[in-house]
>>> print(open('upload-v4.cif').read())   # mmCIF, C-alpha atoms
data_final
loop_
_atom_site.label_atom_id
_atom_site.label_comp_id
_atom_site.auth_asym_id
_atom_site.auth_seq_id
_atom_site.Cartn_x
_atom_site.Cartn_y
_atom_site.Cartn_z
CA MET K 115 58.72 -8.50 28.95
CA SER K 116 61.54 -9.27 26.51
CA GLU K 117 62.56 -6.84 23.79
CA LYS K 118 61.39 -9.25 21.06
CA ARG K 119 58.00 -9.65 22.77
CA GLU K 120 57.59 -5.87 23.15
CA LYS K 121 58.43 -5.37 19.47
CA PHE K 122 55.97 -8.10 18.42
CA VAL K 123 53.15 -6.68 20.56
CA LYS K 124 53.69 -3.13 19.27
CA LEU K 125 53.78 -4.19 15.62
CA ALA K 126 50.97 -6.75 15.91
CA GLU K 127 48.61 -4.28 17.58
CA GLY K 128 49.31 -1.55 15.02
CA ARG K 129 49.09 -3.78 11.97
CA THR K 130 45.96 -5.54 13.21
CA GLN K 131 44.29 -2.17 13.82
CA VAL K 132 45.14 -1.04 10.27
CA ALA K 133 43.76 -4.31 8.86
CA LEU K 134 40.52 -3.97 10.86
CA GLU K 135 40.07 -0.40 9.64
CA ALA K 136 40.63 -1.54 6.04
CA ILE K 137 37.98 -4.25 6.46
CA ARG K 138 35.54 -1.65 7.81
CA LYS K 139 36.24 0.51 4.75
CA ILE K 140 35.50 -2.46 2.49
CA GLY K 141 32.18 -2.71 4.35
CA ASN K 142 31.45 0.88 3.36
CA LEU K 143 31.31 -0.31 -0.25
CA SER K 144 27.96 -1.92 0.60
CA ASN K 145 26.21 1.43 0.01
CA ARG K 146 24.12 0.67 -3.07
CA ARG K 147 23.34 4.37 -3.60
CA ALA K 148 27.03 5.01 -4.23
CA TYR K 149 28.24 1.71 -5.73
CA GLU K 150 27.07 -1.05 -8.04
CA PHE K 151 28.02 -4.63 -7.27
CA ASP K 152 26.55 -8.11 -7.38
CA GLU K 153 26.55 -11.11 -5.07
CA GLY K 154 29.47 -12.63 -6.96
CA ASP K 155 31.63 -9.59 -6.18
CA VAL K 156 30.78 -9.86 -2.49
CA LYS K 157 31.55 -13.58 -2.43
CA LYS K 158 34.92 -13.01 -4.12
CA MET K 159 35.87 -10.30 -1.61
CA ALA K 160 34.79 -12.43 1.36
CA LYS K 161 36.69 -15.46 0.03
CA ALA K 162 39.85 -13.39 -0.49
CA LEU K 163 39.63 -12.15 3.10
CA ARG K 164 39.00 -15.67 4.47
CA ASP K 165 41.93 -17.00 2.43
CA ALA K 166 44.19 -14.25 3.81
CA VAL K 167 43.19 -15.13 7.39
CA SER K 168 43.81 -18.83 6.67
CA GLU K 169 47.25 -17.97 5.31
CA LEU K 170 47.95 -15.90 8.44
CA GLU K 171 47.00 -18.86 10.63
CA ARG K 172 49.23 -21.18 8.57
CA LYS K 173 52.18 -18.80 8.93
CA PHE K 174 51.87 -18.91 12.70
CA GLY K 175 51.44 -22.69 12.58
CA THR K 176 53.93 -25.32 11.50
CA SER K 177 53.37 -25.27 7.73
CA SER K 178 54.77 -22.61 5.40
CA ALA K 179 52.39 -20.28 3.57
CA SER K 180 52.23 -19.59 -0.14
CA GLU K 181 53.33 -16.32 -1.71
CA LYS K 182 50.91 -13.42 -1.37
CA ASP K 183 48.15 -13.31 -3.97
CA VAL K 184 46.81 -10.18 -5.64
CA PHE K 185 43.06 -9.69 -5.28
CA LYS K 186 41.04 -8.91 -8.43
CA LEU K 187 37.30 -8.98 -9.08
#
>>> encode(input="upload-v4.cif", output="structure tokens")
Amino acid sequence: MSEKREKFVKLAEGRTQVALEAIRKIGNLSNRRAYEFDEGDVKKMAKALRDAVSELERKFGTSSASEKDVFKL
């Protein structure tokens, strides 16, 4: 395996794991005994996550991605 490939694999695995853990933590916000939210909040969060995945796919494709957006409810 080339040095560039090894570096990519190491970083991709670590960063993907951190992202997955962050998504699981967002899921913990679904506890209605601890938090108050409405369907609109959930839709905004889900859309922001879908948009981020779409941007990721674009970056690995042929088109260039837009600058990173800041998420706000």
>>> resolve_selection(input="upload-v4.cif", expression="the PyMOL selection byres ((chain K and resi 125-137) around 12)", output="ChimeraX atom specification")
/K:118-124,138-144,159-160,162-164,166-167,170
>>> closest_residue(input="upload-v4.cif", among="K:Ser168, K:Lys173, K:Lys186, K:Ser116", to="Val156 of chain K", atoms="only C-alpha atoms")
K:Lys186
>>> atom_distance(input="upload-v4.cif", atom1="atom CA of Arg172 of chain K", atom2="atom CA of Glu153 of chain K")
28.3 Å
>>> atom_distance(input="upload-v4.cif", atom1="atom CA of Asp155 of chain K", atom2="atom CA of Glu169 of chain K")
21.1 Å
>>> atom_distance(input="upload-v4.cif", atom1="atom CA of Phe151 of chain K", atom2="atom CA of Phe185 of chain K")
16.0 Å
>>> axis_aligned_box(input="upload-v4.cif", around="segment 141-155 of chain K", padding_each_side="5 Å", output="lines of an AutoDock Vina configuration file")
center_x = 27.8
center_y = -3.8
center_z = -1.8
size_x = 18.8
size_y = 27.6
size_z = 22.4
>>> closest_residue(input="upload-v4.cif", among="K:Asp165, K:Glu117, K:Ala148, K:Lys157", to="Val184 of chain K", atoms="only C-alpha atoms")
K:Asp165
